[in-house]
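Everything below belongs to start.cif, which stores mmCIF, C-alpha atoms.
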```cif
data_entry
loop_
_atom_site.group_PDB
_atom_site.id
_atom_site.type_symbol
_atom_site.label_atom_id
_atom_site.label_comp_id
_atom_site.auth_asym_id
_atom_site.auth_seq_id
_atom_site.Cartn_x
_atom_site.Cartn_y
_atom_site.Cartn_z
ATOM 1 C CA MET A 296 113.901 79.113 103.653
ATOM 2 C CA LYS A 297 113.580 82.794 102.836
ATOM 3 C CA PRO A 298 114.906 83.889 99.425
ATOM 4 C CA THR A 299 118.223 85.672 99.051
ATOM 5 C CA HIS A 300 118.091 89.426 98.466
ATOM 6 C CA LEU A 301 120.742 91.984 97.568
ATOM 7 C CA PHE A 302 120.196 95.043 99.804
ATOM 8 C CA LYS A 303 122.743 97.836 99.296
ATOM 9 C CA THR A 304 123.336 101.432 100.282
ATOM 10 C CA GLU A 305 125.713 103.567 98.229
ATOM 11 C CA ASN A 306 127.142 106.818 99.605
ATOM 12 C CA ILE A 307 124.068 107.557 101.698
ATOM 13 C CA VAL A 308 123.845 111.043 103.201
ATOM 14 C CA ALA A 309 120.795 111.493 105.442
ATOM 15 C CA GLY A 310 119.450 113.186 108.538
ATOM 16 C CA TYR A 311 116.522 115.237 109.803
ATOM 17 C CA ASP A 312 115.647 118.732 111.051
ATOM 18 C CA HIS A 313 118.195 120.157 108.582
ATOM 19 C CA LYS A 314 120.978 118.227 110.336
ATOM 20 C CA THR A 315 123.119 115.679 108.514
ATOM 21 C CA ILE A 316 123.552 112.487 110.543
ATOM 22 C CA LEU A 317 124.875 109.965 108.019
ATOM 23 C CA HIS A 318 127.906 110.824 105.913
ATOM 24 C CA GLY A 319 128.392 108.728 102.790
ATOM 25 C CA ILE A 320 127.580 105.248 104.085
ATOM 26 C CA SER A 321 127.976 102.349 101.662
ATOM 27 C CA LEU A 322 127.237 98.792 102.751
ATOM 28 C CA VAL A 323 125.741 95.480 101.683
ATOM 29 C CA ILE A 324 123.480 93.592 104.096
ATOM 30 C CA PRO A 325 124.492 89.896 104.287
ATOM 31 C CA SER A 326 121.432 87.948 103.146
ATOM 32 C CA ASN A 327 119.918 85.288 105.443
ATOM 33 C CA LYS A 328 122.296 86.330 108.253
ATOM 34 C CA ILE A 329 122.060 88.301 111.503
ATOM 35 C CA SER A 330 123.776 91.684 111.289
ATOM 36 C CA VAL A 331 124.184 94.099 114.195
ATOM 37 C CA ILE A 332 124.835 97.836 113.952
ATOM 38 C CA VAL A 333 126.936 99.114 116.868
ATOM 39 C CA GLY A 334 128.264 102.486 117.910
ATOM 40 C CA ALA A 335 128.103 105.149 120.597
ATOM 41 C CA ASN A 336 124.923 107.093 121.346
ATOM 42 C CA ALA A 337 123.871 109.564 118.623
ATOM 43 C CA CYS A 338 126.288 108.070 116.055
ATOM 44 C CA GLY A 339 123.507 107.448 113.520
ATOM 45 C CA LYS A 340 122.501 103.820 114.148
ATOM 46 C CA SER A 341 118.743 104.410 114.287
ATOM 47 C CA THR A 342 118.905 106.961 111.475
ATOM 48 C CA LEU A 343 120.619 104.384 109.262
ATOM 49 C CA LEU A 344 117.984 101.765 110.045
ATOM 50 C CA LYS A 345 115.116 104.189 109.352
ATOM 51 C CA THR A 346 116.724 105.348 106.122
ATOM 52 C CA MET A 347 117.125 101.764 104.909
ATOM 53 C CA ALA A 348 113.477 101.127 105.817
ATOM 54 C CA ARG A 349 112.426 104.205 103.772
ATOM 55 C CA LEU A 350 111.163 106.190 106.753
ATOM 56 C CA ILE A 351 113.823 108.843 106.090
ATOM 57 C CA LYS A 352 114.603 109.976 102.560
ATOM 58 C CA PRO A 353 118.344 110.339 101.958
ATOM 59 C CA ALA A 354 119.648 113.706 100.789
ATOM 60 C CA SER A 355 121.933 111.897 98.373
ATOM 61 C CA GLY A 356 123.116 108.414 97.553
ATOM 62 C CA GLU A 357 121.047 105.387 96.679
ATOM 63 C CA ILE A 358 119.479 102.398 98.422
ATOM 64 C CA THR A 359 118.657 99.401 96.257
ATOM 65 C CA LEU A 360 116.886 96.114 96.808
ATOM 66 C CA ASP A 361 117.744 93.470 94.227
ATOM 67 C CA GLY A 362 119.144 96.182 91.962
ATOM 68 C CA LYS A 363 116.041 98.385 92.109
ATOM 69 C CA PRO A 364 115.915 101.667 94.081
ATOM 70 C CA ILE A 365 113.653 101.146 97.108
ATOM 71 C CA GLY A 366 111.871 104.408 96.280
ATOM 72 C CA LYS A 367 110.448 102.717 93.183
ATOM 73 C CA TYR A 368 108.777 99.903 95.133
ATOM 74 C CA PRO A 369 105.057 100.420 95.883
ATOM 75 C CA PRO A 370 104.645 100.650 99.705
ATOM 76 C CA LYS A 371 102.806 97.344 100.113
ATOM 77 C CA GLN A 372 105.232 95.478 97.866
ATOM 78 C CA LEU A 373 108.201 96.753 99.860
ATOM 79 C CA ALA A 374 106.412 95.959 103.132
ATOM 80 C CA ARG A 375 106.082 92.345 102.040
ATOM 81 C CA ILE A 376 109.877 92.125 101.748
ATOM 82 C CA VAL A 377 111.188 94.540 104.401
ATOM 83 C CA GLY A 378 109.793 94.969 107.914
ATOM 84 C CA LEU A 379 110.791 97.418 110.646
ATOM 85 C CA LEU A 380 110.244 97.332 114.402
ATOM 86 C CA PRO A 381 111.038 100.875 115.631
ATOM 87 C CA GLN A 382 112.587 101.718 118.963
ATOM 88 C CA SER A 383 109.461 102.962 120.769
ATOM 89 C CA PRO A 384 106.317 101.829 118.936
ATOM 90 C CA ILE A 385 103.046 103.437 119.996
ATOM 91 C CA VAL A 386 100.564 101.046 121.612
ATOM 92 C CA PRO A 387 96.976 101.501 120.368
ATOM 93 C CA GLU A 388 94.687 101.964 123.372
ATOM 94 C CA GLY A 389 92.710 98.906 124.490
ATOM 95 C CA ILE A 390 94.048 96.561 121.818
ATOM 96 C CA SER A 391 94.508 92.854 122.475
ATOM 97 C CA VAL A 392 97.648 90.861 121.789
ATOM 98 C CA ALA A 393 96.090 88.928 118.917
ATOM 99 C CA ASP A 394 94.723 92.091 117.293
ATOM 100 C CA LEU A 395 98.087 93.859 117.491
ATOM 101 C CA VAL A 396 99.940 90.895 116.016
ATOM 102 C CA GLY A 397 97.278 90.749 113.318
ATOM 103 C CA ARG A 398 98.152 94.266 112.166
ATOM 104 C CA GLY A 399 101.308 92.784 110.705
ATOM 105 C CA ARG A 400 99.160 91.245 107.958
ATOM 106 C CA PHE A 401 98.215 94.636 106.487
ATOM 107 C CA PRO A 402 100.684 94.492 103.530
ATOM 108 C CA HIS A 403 99.136 91.189 102.419
ATOM 109 C CA GLN A 404 95.513 92.355 102.455
ATOM 110 C CA SER A 405 93.385 94.518 100.188
ATOM 111 C CA LEU A 406 90.460 96.774 101.014
ATOM 112 C CA LEU A 407 88.014 94.320 99.458
ATOM 113 C CA SER A 408 89.305 91.083 100.922
ATOM 114 C CA GLY A 409 88.759 89.840 104.434
ATOM 115 C CA TRP A 410 91.047 87.695 106.495
ATOM 116 C CA SER A 411 92.262 84.586 104.715
ATOM 117 C CA LYS A 412 93.336 81.247 106.119
ATOM 118 C CA LYS A 413 96.937 82.273 105.431
ATOM 119 C CA ASP A 414 96.480 85.433 107.536
ATOM 120 C CA TYR A 415 95.224 83.458 110.524
ATOM 121 C CA GLU A 416 98.012 80.903 110.128
ATOM 122 C CA ALA A 417 100.677 83.636 109.922
ATOM 123 C CA VAL A 418 99.454 85.280 113.140
ATOM 124 C CA ALA A 419 99.262 81.948 114.967
ATOM 125 C CA GLU A 420 102.768 81.005 113.808
ATOM 126 C CA ALA A 421 104.217 84.375 114.850
ATOM 127 C CA MET A 422 102.715 84.095 118.330
ATOM 128 C CA GLU A 423 103.957 80.524 118.610
ATOM 129 C CA ILE A 424 107.501 81.515 117.614
ATOM 130 C CA MET A 425 107.544 84.273 120.250
ATOM 131 C CA ASN A 426 105.884 82.072 122.898
ATOM 132 C CA ILE A 427 102.912 84.387 123.423
ATOM 133 C CA ALA A 428 100.025 82.198 122.202
ATOM 134 C CA GLU A 429 98.638 81.996 125.746
ATOM 135 C CA LEU A 430 98.516 85.817 125.898
ATOM 136 C CA ALA A 431 96.357 86.202 122.766
ATOM 137 C CA ASN A 432 93.249 87.566 124.494
ATOM 138 C CA LEU A 433 94.998 89.844 126.978
ATOM 139 C CA HIS A 434 95.268 93.598 126.499
ATOM 140 C CA ILE A 435 98.722 94.999 125.812
ATOM 141 C CA ASP A 436 98.602 97.192 128.941
ATOM 142 C CA GLU A 437 98.316 94.044 131.076
ATOM 143 C CA LEU A 438 101.726 92.756 129.982
ATOM 144 C CA SER A 439 105.233 93.173 131.331
ATOM 145 C CA GLY A 440 107.892 94.987 129.323
ATOM 146 C CA GLY A 441 109.414 91.745 128.107
ATOM 147 C CA GLN A 442 106.047 90.345 127.076
ATOM 148 C CA ARG A 443 105.190 93.528 125.197
ATOM 149 C CA GLN A 444 108.432 93.370 123.274
ATOM 150 C CA ARG A 445 107.703 89.801 122.252
ATOM 151 C CA VAL A 446 104.276 90.921 121.007
ATOM 152 C CA TRP A 447 105.795 93.705 118.901
ATOM 153 C CA ILE A 448 108.292 91.289 117.393
ATOM 154 C CA ALA A 449 105.468 88.821 116.715
ATOM 155 C CA MET A 450 103.627 91.565 114.821
ATOM 156 C CA ALA A 451 106.740 92.071 112.688
ATOM 157 C CA LEU A 452 106.994 88.306 112.149
ATOM 158 C CA ALA A 453 103.341 88.089 111.093
ATOM 159 C CA GLN A 454 104.264 90.444 108.263
ATOM 160 C CA GLN A 455 106.359 87.503 106.982
ATOM 161 C CA THR A 456 109.055 89.657 105.428
ATOM 162 C CA ASP A 457 112.328 88.289 104.131
ATOM 163 C CA ILE A 458 114.281 91.146 105.772
ATOM 164 C CA LEU A 459 113.594 92.358 109.314
ATOM 165 C CA PHE A 460 115.011 95.566 110.811
ATOM 166 C CA LEU A 461 114.903 95.876 114.617
ATOM 167 C CA ASP A 462 115.851 99.099 116.394
ATOM 168 C CA GLU A 463 117.134 98.221 119.873
ATOM 169 C CA PRO A 464 114.767 95.268 120.492
ATOM 170 C CA THR A 465 116.258 94.614 123.955
ATOM 171 C CA THR A 466 116.333 98.181 125.324
ATOM 172 C CA PHE A 467 114.923 98.592 128.855
ATOM 173 C CA LEU A 468 114.678 94.819 129.350
ATOM 174 C CA ASP A 469 116.485 92.932 132.077
ATOM 175 C CA ILE A 470 119.201 90.506 131.029
ATOM 176 C CA THR A 471 116.929 87.438 131.152
ATOM 177 C CA TYR A 472 114.484 88.965 128.668
ATOM 178 C CA GLN A 473 117.342 90.261 126.507
ATOM 179 C CA ILE A 474 118.781 86.765 126.110
ATOM 180 C CA GLU A 475 115.326 85.297 125.519
ATOM 181 C CA ILE A 476 114.523 87.799 122.745
ATOM 182 C CA LEU A 477 117.903 87.329 121.048
ATOM 183 C CA ASP A 478 117.640 83.530 121.261
ATOM 184 C CA LEU A 479 114.191 83.642 119.659
ATOM 185 C CA LEU A 480 115.448 85.895 116.852
ATOM 186 C CA THR A 481 118.398 83.557 116.291
ATOM 187 C CA ASP A 482 115.986 80.615 116.037
ATOM 188 C CA LEU A 483 113.969 82.574 113.483
ATOM 189 C CA ASN A 484 117.084 83.214 111.410
ATOM 190 C CA ARG A 485 118.419 79.678 111.612
ATOM 191 C CA LYS A 486 115.102 77.934 110.888
ATOM 192 C CA HIS A 487 113.604 80.282 108.294
ATOM 193 C CA GLY A 488 116.590 82.166 106.875
ATOM 194 C CA THR A 489 115.134 85.579 107.738
ATOM 195 C CA THR A 490 117.687 88.332 107.190
ATOM 196 C CA ILE A 491 117.860 90.259 110.473
ATOM 197 C CA VAL A 492 119.496 93.633 111.008
ATOM 198 C CA MET A 493 119.505 94.938 114.598
ATOM 199 C CA VAL A 494 120.712 97.960 116.480
ATOM 200 C CA LEU A 495 122.116 96.843 119.850
ATOM 201 C CA HIS A 496 123.874 98.762 122.605
ATOM 202 C CA ASP A 497 125.538 95.861 124.406
ATOM 203 C CA MET A 498 128.860 95.061 122.723
ATOM 204 C CA ASN A 499 129.115 91.564 124.158
ATOM 205 C CA LEU A 500 125.603 90.559 123.119
ATOM 206 C CA SER A 501 126.319 92.026 119.686
ATOM 207 C CA ALA A 502 129.454 89.921 119.335
ATOM 208 C CA ARG A 503 127.707 86.785 120.586
ATOM 209 C CA TYR A 504 124.630 86.921 118.364
ATOM 210 C CA ALA A 505 125.845 88.640 115.201
ATOM 211 C CA ASP A 506 127.108 86.902 112.099
ATOM 212 C CA TYR A 507 128.239 90.312 110.857
ATOM 213 C CA ILE A 508 128.838 93.688 112.514
ATOM 214 C CA PHE A 509 128.669 97.233 111.165
ATOM 215 C CA ALA A 510 130.402 99.789 113.423
ATOM 216 C CA LEU A 511 129.487 103.469 113.144
ATOM 217 C CA ARG A 512 131.252 106.545 114.496
ATOM 218 C CA GLU A 513 129.821 110.027 114.057
ATOM 219 C CA GLY A 514 127.638 108.950 111.156
ATOM 220 C CA ARG A 515 130.346 107.105 109.254
ATOM 221 C CA LEU A 516 130.930 103.391 108.748
ATOM 222 C CA VAL A 517 134.352 102.744 110.275
ATOM 223 C CA ALA A 518 134.465 98.932 110.352
ATOM 224 C CA GLU A 519 132.519 95.891 109.225
ATOM 225 C CA GLY A 520 132.975 92.146 109.253
ATOM 226 C CA GLU A 521 132.536 89.064 111.389
ATOM 227 C CA PRO A 522 132.697 89.685 115.163
ATOM 228 C CA ALA A 523 136.109 88.038 115.542
ATOM 229 C CA GLN A 524 137.532 90.384 112.900
ATOM 230 C CA VAL A 525 135.849 93.588 114.027
ATOM 231 C CA MET A 526 135.527 93.473 117.804
ATOM 232 C CA THR A 527 139.052 94.443 118.854
ATOM 233 C CA SER A 528 140.276 96.618 121.708
ATOM 234 C CA GLY A 529 141.359 99.219 119.136
ATOM 235 C CA LEU A 530 137.917 99.390 117.535
ATOM 236 C CA VAL A 531 136.148 99.614 120.909
ATOM 237 C CA ARG A 532 138.451 102.453 121.899
ATOM 238 C CA ASP A 533 137.922 104.274 118.575
ATOM 239 C CA VAL A 534 134.147 103.812 118.462
ATOM 240 C CA PHE A 535 133.157 103.964 122.124
ATOM 241 C CA GLY A 536 136.128 105.709 123.711
ATOM 242 C CA LEU A 537 136.519 102.765 126.095
ATOM 243 C CA ASP A 538 139.839 101.301 127.199
ATOM 244 C CA CYS A 539 139.354 97.536 127.327
ATOM 245 C CA THR A 540 140.715 94.062 126.812
ATOM 246 C CA VAL A 541 138.999 91.669 124.406
ATOM 247 C CA ILE A 542 139.000 87.998 125.367
ATOM 248 C CA ALA A 543 137.147 84.900 124.192
ATOM 249 C CA ASP A 544 133.708 84.422 125.739
ATOM 250 C CA PRO A 545 134.021 81.225 127.833
ATOM 251 C CA VAL A 546 130.558 80.042 126.718
ATOM 252 C CA SER A 547 130.237 81.043 123.037
ATOM 253 C CA GLY A 548 133.862 81.654 122.075
ATOM 254 C CA SER A 549 132.857 85.014 120.599
ATOM 255 C CA PRO A 550 134.844 88.178 121.438
ATOM 256 C CA MET A 551 134.041 89.546 124.899
ATOM 257 C CA VAL A 552 134.858 93.116 125.901
ATOM 258 C CA VAL A 553 136.266 93.562 129.414
ATOM 259 C CA PRO A 554 136.441 97.275 130.342
ATOM 260 C CA LYS A 555 139.522 98.359 132.242
ATOM 261 C CA GLY A 556 137.957 101.380 133.870
ATOM 262 C CA ARG A 557 139.778 103.813 136.132
ATOM 263 C CA TYR A 558 140.268 101.398 138.998
ATOM 264 C CA HIS A 559 142.103 98.124 138.514
ATOM 265 C CA VAL A 560 141.669 95.093 140.710
ATOM 266 C CA LEU A 561 144.810 94.386 142.685
ATOM 267 C CA PRO A 562 146.049 90.786 142.981
ATOM 268 C CA VAL A 563 145.219 89.114 146.279
#
```
Encoding of this model in structure tokens:
Amino acid sequence: MKPTHLFKTENIVAGYDHKTILHGISLVIPSNKISVIVGANACGKSTLLKTMARLIKPASGEITLDGKPIGKYPPKQLARIVGLLPQSPIVPEGISVADLVGRGRFPHQSLLSGWSKKDYEAVAEAMEIMNIAELANLHIDELSGGQRQRVWIAMALAQQTDILFLDEPTTFLDITYQIEILDLLTDLNRKHGTTIVMVLHDMNLSARYADYIFALREGRLVAEGEPAQVMTSGLVRDVFGLDCTVIADPVSGSPMVVPKGRYHVLPV
């Protein structure tokens, strides 16, 4: 099982292009759990994830990992603990599946050392977890969208971090691939204890797969907690501006959002 880490943000203010996106966000990531960040478009979800992954430097506030500011970690040391899969990663031209997954081993290698047995084993395990071992010799541009996403996640897994940030890992995928990706990530969490933090757009998938939810509105943290505590009709209305009813999912028992919409179904 992965070790337990204390990852905290305290009064984070951050943004880009001279625009403030995040306004004083303080949170603690539940270790060895699956957390999902939800909120309307442009509310700061991706900015928060990038700031926690040290891609964006906060204007003020502090982010700490095990009591130490993340800015004080050497890049490779931090990359062995925290991994990030961005929303739209750039595919290197002509690269094979195995080579792309292998790039996840960079934080564990030095300029003078070649590939070790552990490197090869980590890549093989990552491809096995994501069910892409049979695609190893194919080029990325030969794959479907769902297969590509599994390859990117496998690259992140090959990094063998204790904490994994994923920015919209199911975007642009059909529902079958979305469920497949989320099931595989849940298996990873349950079997290995990897702390997973995801940005998801679908409220019902968020409620079904999350152990913990962070809800943002206009760059501020407005609610957090277990799905049953957080996912209420009032919160959905406040965060998304959607009038809805929340019922129990008949399969998982998790909260399920049923939009009311403008037109109501009349009884037969």
Residues selected by the PyMOL selection byres ((chain A and resi 499) around 9), written as a CSV table (one decimal) with C-alpha atoms, in the coordinates of the input:
```
chain,number,residue,atom,x,y,z
A,497,ASP,CA,125.5,95.9,124.4
A,498,MET,CA,128.9,95.1,122.7
A,500,LEU,CA,125.6,90.6,123.1
A,501,SER,CA,126.3,92.0,119.7
A,502,ALA,CA,129.5,89.9,119.3
A,503,ARG,CA,127.7,86.8,120.6
A,504,TYR,CA,124.6,86.9,118.4
A,544,ASP,CA,133.7,84.4,125.7
A,549,SER,CA,132.9,85.0,120.6
A,550,PRO,CA,134.8,88.2,121.4
A,551,MET,CA,134.0,89.5,124.9
A,552,VAL,CA,134.9,93.1,125.9
```
### Message
Once the PyMOL selection byres ((chain A and resi 468) around 12) has been evaluated on this model, what residues remain selected, and can you format them as a VMD selection string?
### Response
chain A and resid 439 to 445 463 to 467 469 to 477 497
### Message
Starting from the PyMOL selection byres ((chain A and resi 355) around 7), expand the selection into actual residues of this file and give them as JSON, numbers by chain.
### Response
{"A": [307, 308, 353, 354, 356, 357]}
### Message
With all atoms listed in the file as the counted atoms, please give the residues lying no more than 12 Å from segment 367-369 of chain A, apart from itself and same-chain residues fewer than 6 positions off, as number ranges by chain.
### Response
A: 348-349, 357-361, 375-377, 402
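When only C-alpha atoms are used to compute distances to Ala337 of chain A, the closest of the residues A:Lys555, A:Arg512, A:His313, A:Arg532 turns out to be A:Arg512.
Going from atom CA of Met296 of chain A over to atom CA of Thr346 of chain A, you cover 26.5 Å.
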### Query
So how many Å separate atom CA of Leu301 of chain A and atom CA of Gln524 of chain A, to one decimal?
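Atom CA of Gln524 of chain A lies at a distance of 22.8 Å from atom CA of Leu301 of chain A.
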### Query
If you measure from atom CA of Val494 of chain A to atom CA of Ala393 of chain A, what distance in Å do you get, rounded to one decimal?
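Value for the atom CA of Val494 of chain A-atom CA of Ala393 of chain A distance: 26.3 Å.
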Long-range neighbours of segment 324-330 of chain A as a short mmCIF file (atom, residue, chain, number, x, y, z; two decimals) with C-alpha atoms, keeping the file's coordinate frame, 9 Å cut-off, all atoms listed in the file, 5 positions minimum in chain:
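Contents of around.cif, as written:
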```cif
data_model
loop_
_atom_site.label_atom_id
_atom_site.label_comp_id
_atom_site.auth_asym_id
_atom_site.auth_seq_id
_atom_site.Cartn_x
_atom_site.Cartn_y
_atom_site.Cartn_z
CA MET A 296 113.90 79.11 103.65
CA LYS A 297 113.58 82.79 102.84
CA PRO A 298 114.91 83.89 99.42
CA THR A 299 118.22 85.67 99.05
CA HIS A 300 118.09 89.43 98.47
CA LEU A 301 120.74 91.98 97.57
CA PHE A 302 120.20 95.04 99.80
CA LYS A 303 122.74 97.84 99.30
CA THR A 304 123.34 101.43 100.28
CA ASP A 457 112.33 88.29 104.13
CA ILE A 458 114.28 91.15 105.77
CA LEU A 480 115.45 85.90 116.85
CA THR A 481 118.40 83.56 116.29
CA ASN A 484 117.08 83.21 111.41
CA ARG A 485 118.42 79.68 111.61
CA HIS A 487 113.60 80.28 108.29
CA GLY A 488 116.59 82.17 106.88
CA THR A 489 115.13 85.58 107.74
CA THR A 490 117.69 88.33 107.19
CA ILE A 491 117.86 90.26 110.47
CA VAL A 492 119.50 93.63 111.01
CA MET A 493 119.50 94.94 114.60
CA VAL A 494 120.71 97.96 116.48
CA SER A 501 126.32 92.03 119.69
CA TYR A 504 124.63 86.92 118.36
CA ALA A 505 125.84 88.64 115.20
CA ASP A 506 127.11 86.90 112.10
CA TYR A 507 128.24 90.31 110.86
CA ILE A 508 128.84 93.69 112.51
CA PHE A 509 128.67 97.23 111.16
#
```
How big is the axis-aligned box, and where does its centre sit, when it encloses all atoms of segment 359-373 of chain A listed in the file and has 4 Å added on every side, reported in Å to one decimal as JSON?
```
{"center_x": 111.0, "center_y": 98.9, "center_z": 96.0, "size_x": 24.3, "size_y": 18.9, "size_z": 16.2}
```
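Using only C-alpha atoms, the shortest contact distance between Asp436 of chain A and any of A:Val386, A:Ala417, A:Leu343, A:Val531 is found at A:Val386.
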### Message
For a quick check of understanding, using all atoms listed in the file, which of A:Leu516, A:Val396, A:Leu461, A:Leu495 has the smallest distance to Gln382 of chain A?
### Response
A:Leu461
